[in-house]
file work_21.cif (mmCIF, C-alpha atoms and all ligand atoms)
data_model
#
loop_
_atom_site.label_atom_id
_atom_site.label_comp_id
_atom_site.auth_asym_id
_atom_site.auth_seq_id
_atom_site.Cartn_x
_atom_site.Cartn_y
_atom_site.Cartn_z
CA MET Y 1 94.64 106.54 80.03
CA LYS Y 2 96.57 106.56 83.30
CA VAL Y 3 95.24 106.37 86.84
CA TYR Y 4 97.52 107.73 89.56
CA PHE Y 5 96.65 106.93 93.18
CA LEU Y 6 97.20 110.26 94.93
CA GLY Y 7 96.11 108.88 98.30
CA THR Y 8 94.83 105.54 99.60
CA GLY Y 9 94.33 106.08 103.34
CA THR Y 10 91.23 106.42 105.46
CA SER Y 11 90.18 109.72 107.04
CA GLN Y 12 93.13 110.23 109.42
CA GLY Y 13 95.76 109.06 106.93
CA ILE Y 14 98.71 106.81 107.85
CA PRO Y 15 100.65 107.42 110.02
CA VAL Y 16 97.97 108.67 112.39
CA ILE Y 17 99.18 111.67 114.43
CA GLY Y 18 100.69 110.49 117.73
CA SER Y 19 100.14 106.78 117.00
CA HIS Y 20 102.64 104.12 118.08
CA HIS Y 21 100.88 101.39 116.07
CA SER Y 22 103.46 99.28 114.21
CA VAL Y 23 101.92 100.14 110.80
CA CYS Y 24 102.14 103.86 111.62
CA LEU Y 25 105.83 103.36 112.50
CA SER Y 26 106.60 101.29 109.35
CA ASP Y 27 109.44 102.46 107.10
CA ASN Y 28 107.80 100.92 104.01
CA LEU Y 29 106.54 103.73 101.76
CA LYS Y 30 103.56 101.51 100.86
CA ASP Y 31 102.43 101.85 104.48
CA LYS Y 32 102.25 105.65 104.25
CA ARG Y 33 98.84 106.72 103.02
CA LEU Y 34 97.50 110.20 102.34
CA ARG Y 35 93.74 110.78 102.16
CA VAL Y 36 92.00 109.08 99.20
CA SER Y 37 92.08 110.65 95.77
CA VAL Y 38 92.92 109.62 92.21
CA TRP Y 39 94.16 111.50 89.15
CA ILE Y 40 92.89 110.17 85.83
CA HIS Y 41 94.63 111.55 82.78
CA ASP Y 42 95.67 111.09 79.19
CA ALA Y 43 96.80 113.49 76.47
CA ASP Y 44 93.31 115.05 76.24
CA PHE Y 45 92.07 115.32 79.82
CA SER Y 46 93.11 115.60 83.44
CA ILE Y 47 90.52 114.74 86.09
CA VAL Y 48 90.95 114.47 89.86
CA ILE Y 49 88.41 112.70 92.07
CA ASP Y 50 88.13 114.29 95.55
CA CYS Y 51 90.24 117.01 97.07
CA GLY Y 52 91.09 116.15 100.67
CA PRO Y 53 93.44 117.88 103.10
CA ASP Y 54 96.51 116.40 101.34
CA PHE Y 55 95.59 117.83 97.91
CA ARG Y 56 98.50 120.30 97.71
CA GLN Y 57 101.13 117.67 98.53
CA GLN Y 58 99.48 115.23 96.11
CA MET Y 59 99.54 117.71 93.23
CA LEU Y 60 103.22 118.46 93.88
CA THR Y 61 104.25 114.79 94.10
CA SER Y 62 102.24 113.63 91.08
CA LYS Y 63 103.26 116.66 88.98
CA CYS Y 64 99.66 117.25 87.95
CA VAL Y 65 99.73 120.71 86.34
CA ARG Y 66 96.28 120.96 84.73
CA LEU Y 67 92.82 120.34 86.15
CA ASP Y 68 89.98 119.96 83.61
CA ALA Y 69 87.56 118.79 86.29
CA LEU Y 70 87.38 118.02 89.97
CA LEU Y 71 84.78 115.33 90.76
CA PHE Y 72 83.51 114.79 94.28
CA THR Y 73 82.25 111.53 95.77
CA HIS Y 74 80.72 113.20 98.86
CA GLU Y 75 81.24 116.07 101.28
CA HIS Y 76 83.22 114.50 104.14
CA ALA Y 77 86.33 116.47 105.08
CA ASP Y 78 88.79 113.75 104.05
CA HIS Y 79 87.42 114.19 100.48
CA THR Y 80 86.93 117.98 100.34
CA ALA Y 81 89.03 119.89 102.90
CA GLY Y 82 91.77 120.82 100.38
CA LEU Y 83 89.53 122.82 98.05
CA ASP Y 84 91.32 126.13 98.75
CA ASP Y 85 94.49 124.68 97.21
CA ILE Y 86 92.99 124.72 93.70
CA ARG Y 87 94.30 128.32 93.66
CA PRO Y 88 97.37 127.67 91.47
CA PHE Y 89 95.13 125.89 88.91
CA TYR Y 90 92.67 128.80 89.06
CA PHE Y 91 95.42 131.38 88.52
CA ALA Y 92 96.66 129.44 85.49
CA GLN Y 93 93.36 128.32 83.95
CA GLY Y 94 90.52 130.45 85.30
CA ASP Y 95 87.40 129.08 87.03
CA ILE Y 96 87.81 125.38 87.89
CA PRO Y 97 84.93 123.07 86.89
CA ILE Y 98 83.70 121.00 89.84
CA TYR Y 99 81.17 118.16 89.63
CA ALA Y 100 79.16 116.86 92.60
CA HIS Y 101 75.73 116.00 93.92
CA ASP Y 102 73.60 119.12 94.57
CA ARG Y 103 73.78 118.40 98.32
CA VAL Y 104 77.59 118.38 98.15
CA LEU Y 105 77.73 121.61 96.10
CA LYS Y 106 75.54 123.32 98.73
CA ASN Y 107 77.72 121.97 101.51
CA LEU Y 108 80.90 123.26 99.82
CA ALA Y 109 79.28 126.65 99.20
CA ARG Y 110 78.62 126.93 102.95
CA ARG Y 111 82.06 125.81 104.04
CA PHE Y 112 84.02 127.66 101.34
CA ASP Y 113 81.67 130.64 100.93
CA TYR Y 114 84.51 132.93 99.73
CA ILE Y 115 85.19 130.56 96.79
CA PHE Y 116 81.54 130.55 95.69
CA GLU Y 117 80.96 134.30 96.28
CA LYS Y 118 80.16 136.23 93.09
CA GLU Y 119 80.44 139.82 94.32
CA ASN Y 120 83.11 141.72 96.28
CA LYS Y 121 85.34 138.74 96.07
CA TYR Y 122 88.73 138.76 97.77
CA PRO Y 123 91.26 139.09 94.92
CA GLY Y 124 93.28 135.96 95.77
CA ALA Y 125 90.30 133.66 96.22
CA PRO Y 126 89.78 130.90 93.65
CA SER Y 127 86.55 130.44 91.69
CA VAL Y 128 84.72 127.37 90.50
CA VAL Y 129 82.06 126.54 87.92
CA THR Y 130 79.62 124.12 89.49
CA HIS Y 131 78.07 121.15 87.68
CA GLU Y 132 75.41 119.12 89.42
CA VAL Y 133 75.84 115.35 89.10
CA LYS Y 134 72.53 113.51 88.96
CA GLU Y 135 71.82 109.85 89.41
CA ASN Y 136 71.59 107.97 86.08
CA GLU Y 137 72.80 110.98 84.07
CA SER Y 138 76.17 110.68 82.43
CA PHE Y 139 78.15 113.83 81.64
CA SER Y 140 81.28 114.73 79.70
CA VAL Y 141 84.57 116.35 80.51
CA LYS Y 142 86.60 117.21 77.38
CA ASN Y 143 84.52 114.75 75.29
CA GLN Y 144 85.17 112.00 77.80
CA THR Y 145 81.93 110.40 79.04
CA ILE Y 146 81.65 109.91 82.79
CA ILE Y 147 78.97 107.70 84.33
CA PRO Y 148 78.05 108.38 87.97
CA ILE Y 149 77.41 105.31 90.12
CA ASN Y 150 75.14 105.65 93.11
CA ALA Y 151 76.03 104.02 96.44
CA MET Y 152 75.46 104.47 100.17
CA HIS Y 153 78.04 105.36 102.86
CA GLY Y 154 75.84 104.30 105.78
CA ASN Y 155 72.93 106.77 105.49
CA LEU Y 156 74.80 109.15 103.20
CA GLN Y 157 74.53 108.94 99.41
CA VAL Y 158 77.88 108.89 97.59
CA PHE Y 159 78.82 108.88 93.90
CA GLY Y 160 81.44 106.69 92.28
CA TYR Y 161 82.50 107.31 88.69
CA ARG Y 162 83.11 105.22 85.57
CA ILE Y 163 85.47 106.57 82.89
CA LYS Y 164 85.95 104.15 79.97
CA ASP Y 165 86.51 100.73 81.60
CA PHE Y 166 87.76 102.17 84.87
CA VAL Y 167 85.49 102.49 87.92
CA TYR Y 168 86.33 104.37 91.11
CA LEU Y 169 84.13 103.74 94.14
CA THR Y 170 85.00 104.79 97.68
CA ASP Y 171 83.24 105.11 101.03
CA VAL Y 172 80.71 102.45 100.02
CA LYS Y 173 78.84 100.30 102.51
CA THR Y 174 75.89 99.27 100.32
CA ILE Y 175 75.04 99.50 96.64
CA GLU Y 176 71.80 98.63 94.85
CA ASP Y 177 71.87 95.69 92.44
CA SER Y 178 70.47 98.04 89.78
CA GLU Y 179 73.80 99.93 89.74
CA LEU Y 180 75.71 96.80 88.73
CA ASP Y 181 74.69 97.26 85.09
CA LYS Y 182 76.97 100.32 85.04
CA LEU Y 183 79.88 98.12 86.12
CA LYS Y 184 79.71 95.61 83.28
CA ASN Y 185 82.98 94.69 81.53
CA VAL Y 186 85.09 96.78 83.84
CA GLU Y 187 88.80 96.38 83.38
CA VAL Y 188 89.88 97.99 86.66
CA LEU Y 189 87.68 98.48 89.70
CA VAL Y 190 88.85 100.56 92.66
CA ILE Y 191 86.81 99.85 95.78
CA ASN Y 192 87.17 100.83 99.43
CA ALA Y 193 88.24 98.29 102.07
CA LEU Y 194 88.85 99.77 105.51
CA ARG Y 195 90.12 96.82 107.59
CA PHE Y 196 89.34 93.19 108.46
CA GLU Y 197 86.75 93.98 111.15
CA PRO Y 198 83.28 95.17 110.04
CA HIS Y 199 82.46 98.90 110.09
CA ASN Y 200 79.12 100.76 110.03
CA THR Y 201 79.76 102.90 106.97
CA HIS Y 202 82.66 101.33 105.04
CA PHE Y 203 83.20 97.93 103.39
CA ASN Y 204 85.61 95.75 105.30
CA ILE Y 205 87.90 93.49 103.29
CA GLU Y 206 85.41 90.60 103.12
CA GLU Y 207 82.62 92.86 101.82
CA ALA Y 208 84.98 94.40 99.26
CA LEU Y 209 86.06 90.95 98.02
CA ASN Y 210 82.42 89.83 97.76
CA PHE Y 211 81.67 92.94 95.73
CA ILE Y 212 84.65 92.29 93.45
CA ASN Y 213 83.32 88.76 92.89
CA LEU Y 214 79.97 90.21 91.88
CA VAL Y 215 81.44 92.77 89.48
CA GLN Y 216 84.15 90.48 88.02
CA PRO Y 217 86.61 93.16 86.88
CA LYS Y 218 89.89 92.04 85.31
CA LYS Y 219 91.71 93.67 88.23
CA ALA Y 220 90.63 95.30 91.46
CA TYR Y 221 92.48 97.72 93.75
CA LEU Y 222 91.51 98.33 97.38
CA THR Y 223 91.68 101.85 98.82
CA HIS Y 224 90.56 104.00 101.85
CA ILE Y 225 92.69 101.78 104.08
CA SER Y 226 93.09 102.07 107.86
CA HIS Y 227 96.37 101.41 109.67
CA ILE Y 228 94.64 98.56 111.51
CA MET Y 229 94.30 96.70 108.18
CA GLY Y 230 97.97 95.77 108.74
CA PHE Y 231 101.21 96.03 106.76
CA HIS Y 232 100.80 96.39 102.99
CA ASP Y 233 103.10 93.46 102.17
CA GLU Y 234 101.41 91.11 104.66
CA VAL Y 235 97.85 91.93 103.55
CA GLN Y 236 98.74 91.72 99.84
CA LYS Y 237 99.84 88.06 100.30
CA GLN Y 238 96.35 87.14 101.51
CA LEU Y 239 94.50 88.58 98.50
CA PRO Y 240 93.28 86.76 95.36
CA ASN Y 241 95.54 86.98 92.27
CA ASN Y 242 93.66 89.83 90.60
CA VAL Y 243 93.15 91.94 93.74
CA PHE Y 244 95.75 94.45 94.94
CA LEU Y 245 96.09 96.83 97.84
CA ALA Y 246 96.52 100.22 96.23
CA PHE Y 247 99.31 102.40 97.59
CA ASP Y 248 100.17 106.09 97.26
CA ASN Y 249 101.87 107.11 93.99
CA LEU Y 250 100.97 103.84 92.24
CA GLU Y 251 100.18 104.56 88.60
CA ILE Y 252 98.34 102.09 86.37
CA GLU Y 253 97.58 102.19 82.67
CA ILE Y 254 94.11 101.48 81.32
CA GLU Y 255 93.37 100.95 77.61
ZN ZN V 301 86.31 108.93 103.42
#
call {"tool": "encode", "arguments": {"input": "work_21.cif", "output": "structure tokens", "more": "lines below"}}
Ligand SMILES: [Zn+2]
result
Amino acid sequence: MKVYFLGTGTSQGIPVIGSHHSVCLSDNLKDKRLRVSVWIHDADFSIVIDCGPDFRQQMLTSKCVRLDALLFTHEHADHTAGLDDIRPFYFAQGDIPIYAHDRVLKNLARRFDYIFEKENKYPGAPSVVTHEVKENESFSVKNQTIIPINAMHGNLQVFGYRIKDFVYLTDVKTIEDSELDKLKNVEVLVINALRFEPHNTHFNIEEALNFINLVQPKKAYLTHISHIMGFHDEVQKQLPNNVFLAFDNLEIEIE
């Protein structure tokens, strides 16, 4: 199974529009970050987590040509605003299965009403099949079991997902100890780390490293990164041996 990091930046992406911050001006491709998303695929399935405003570019760059499921972590725009661009997948495959918390499905149905409409639909509009993700209820996509993991993004509930021994968690600020059972024997953990300074609704780097210590994955990758975290190459040097700053278009293999 392969995991392709489609985007690893926080909500504004890097570079930030109009910014003269040295990280935003960096020529290193590892310092250019689209909004967070991952593509998890093998011969039998192709799953994308989140669908932010960079979705179209991410699908073109990664050469993802099939979408068996789109999973959502939560409804914030940096994770959902690209939903209209599922159109090419819809034209090729028919209705696209989406998986999210009931609250998120309702939010998407409000914001993208024309996608969820059943009657008098505009001919070019895409359609989805909705699947509600519930706490403590695993589900399958193409015979692949997916375990939702419950966490909090400040006051907002978010879902992370476990597929085999891979766990993807983003926009986490707190997580109940009871969820840690679902993270046992993880090979690769992806977890958000915004910057060095604390933040109300996201882990900073210290909180992310403490969480990694608790989970004890073989390897951990940090994502949802702000430009004020610093240059990729500088920050990477300060991390423990098994912890890596993710970067856009990084692909890793998981057994
Ligand atoms: Zn976010």
call {"tool": "residues_near_ligand", "arguments": {"input": "work_21.cif", "ligand": "ligand ZN 301 (chain V)", "cutoff": "8 Å", "atoms": "all atoms listed in the file", "output": "list in words"}}
result
Thr10, Ser11, Arg35, Val36, His76, Ala77, Asp78, His79, Thr170, Asp171 and His224 of chain Y
call {"tool": "closest_residue", "arguments": {"input": "work_21.cif", "among": "Y:Glu137, Y:Pro126, Y:Phe116, Y:Tyr221", "to": "Leu169 of chain Y", "atoms": "all atoms listed in the file"}}
result
Y:Tyr221
call {"tool": "closest_residue", "arguments": {"input": "work_21.cif", "among": "Y:Pro97, Y:Pro198, Y:Gly230, Y:Gly7", "to": "Gln57 of chain Y", "atoms": "all atoms listed in the file"}}
result
Y:Gly7
call {"tool": "residues_near_point", "arguments": {"input": "work_21.cif", "point": "(90.2, 103.0, 82.2)", "cutoff": "10 Å", "atoms": "only C-alpha atoms", "output": "list in words"}}
result
Met1, Lys2, Val3, Ile40, His41, Arg162, Ile163, Lys164, Asp165, Phe166, Val167, Tyr168, Val186, Glu187, Val188, Leu189, Ile252, Glu253, Ile254 and Glu255 of chain Y
call {"tool": "closest_residue", "arguments": {"input": "work_21.cif", "among": "Y:Asn213, Y:Thr80, Y:Ser46, Y:Asn120", "to": "Leu67 of chain Y", "atoms": "only C-alpha atoms"}}
result
Y:Ser46
call {"tool": "closest_residue", "arguments": {"input": "work_21.cif", "among": "Y:Arg195, Y:Arg87, Y:Lys142, Y:Lys118", "to": "Ala43 of chain Y", "atoms": "all atoms listed in the file"}}
result
Y:Lys142
call {"tool": "residues_around", "arguments": {"input": "work_21.cif", "residues": "Gln93 of chain Y", "least_positions_apart": "5", "cutoff": "12 Å", "atoms": "all atoms listed in the file", "output": "PyMOL selection string"}}
result
chain Y and resi 65-69+86-88+126-128
call {"tool": "residues_around", "arguments": {"input": "work_21.cif", "residues": "Leu29 of chain Y", "least_positions_apart": "4", "cutoff": "10 Å", "atoms": "all atoms listed in the file", "output": "PDB file with C-alpha atoms, in the frame of the given file"}}
result
ATOM      1  CA  ARG Y  33      98.840 106.720 103.020  1.00  0.00           C
ATOM      2  CA  HIS Y 232     100.800  96.390 102.990  1.00  0.00           C
ATOM      3  CA  PHE Y 247      99.310 102.400  97.590  1.00  0.00           C
ATOM      4  CA  ASP Y 248     100.170 106.090  97.260  1.00  0.00           C
ATOM      5  CA  ASN Y 249     101.870 107.110  93.990  1.00  0.00           C
TER       6      ASN Y 249
END
call {"tool": "closest_residue", "arguments": {"input": "work_21.cif", "among": "Y:Gln58, Y:Asn242, Y:Asn107, Y:Asn204", "to": "Thr8 of chain Y", "atoms": "all atoms listed in the file"}}
result
Y:Gln58
call {"tool": "closest_residue", "arguments": {"input": "work_21.cif", "among": "Y:Leu60, Y:Leu70, Y:Val172, Y:Leu108", "to": "Phe45 of chain Y", "atoms": "only C-alpha atoms"}}
result
Y:Leu70
call {"tool": "residues_near_point", "arguments": {"input": "work_21.cif", "point": "(88.9, 81.9, 91.8)", "cutoff": "12 Å", "atoms": "only C-alpha atoms", "output": "compact mmCIF listing (two decimals) with C-alpha atoms, keeping the file's coordinate frame"}}
result
# COMPACT_ATOMS: atom_id res chain seq x y z
CA LEU Y 209 86.06 90.95 98.02
CA ASN Y 210 82.42 89.83 97.76
CA ILE Y 212 84.65 92.29 93.45
CA ASN Y 213 83.32 88.76 92.89
CA GLN Y 216 84.15 90.48 88.02
CA LEU Y 239 94.50 88.58 98.50
CA PRO Y 240 93.28 86.76 95.36
CA ASN Y 241 95.54 86.98 92.27
CA ASN Y 242 93.66 89.83 90.60
CA VAL Y 243 93.15 91.94 93.74
call {"tool": "residues_around", "arguments": {"input": "work_21.cif", "residues": "segment 174-185 of chain Y", "least_positions_apart": "5", "cutoff": "9 Å", "atoms": "all atoms listed in the file", "output": "list in words"}}
result
Ile147, Pro148, Ile149, Asn150, Ala151, Met152, His153, Gly154, Arg162, Asp165, Phe166, Val167, Thr201, His202, Phe203, Leu214, Val215, Gln216, Pro217 and Lys218 of chain Y
call {"tool": "atom_distance", "arguments": {"input": "work_21.cif", "atom1": "atom CA of Val23 of chain Y", "atom2": "atom CA of Leu245 of chain Y"}}
result
14.6 Å
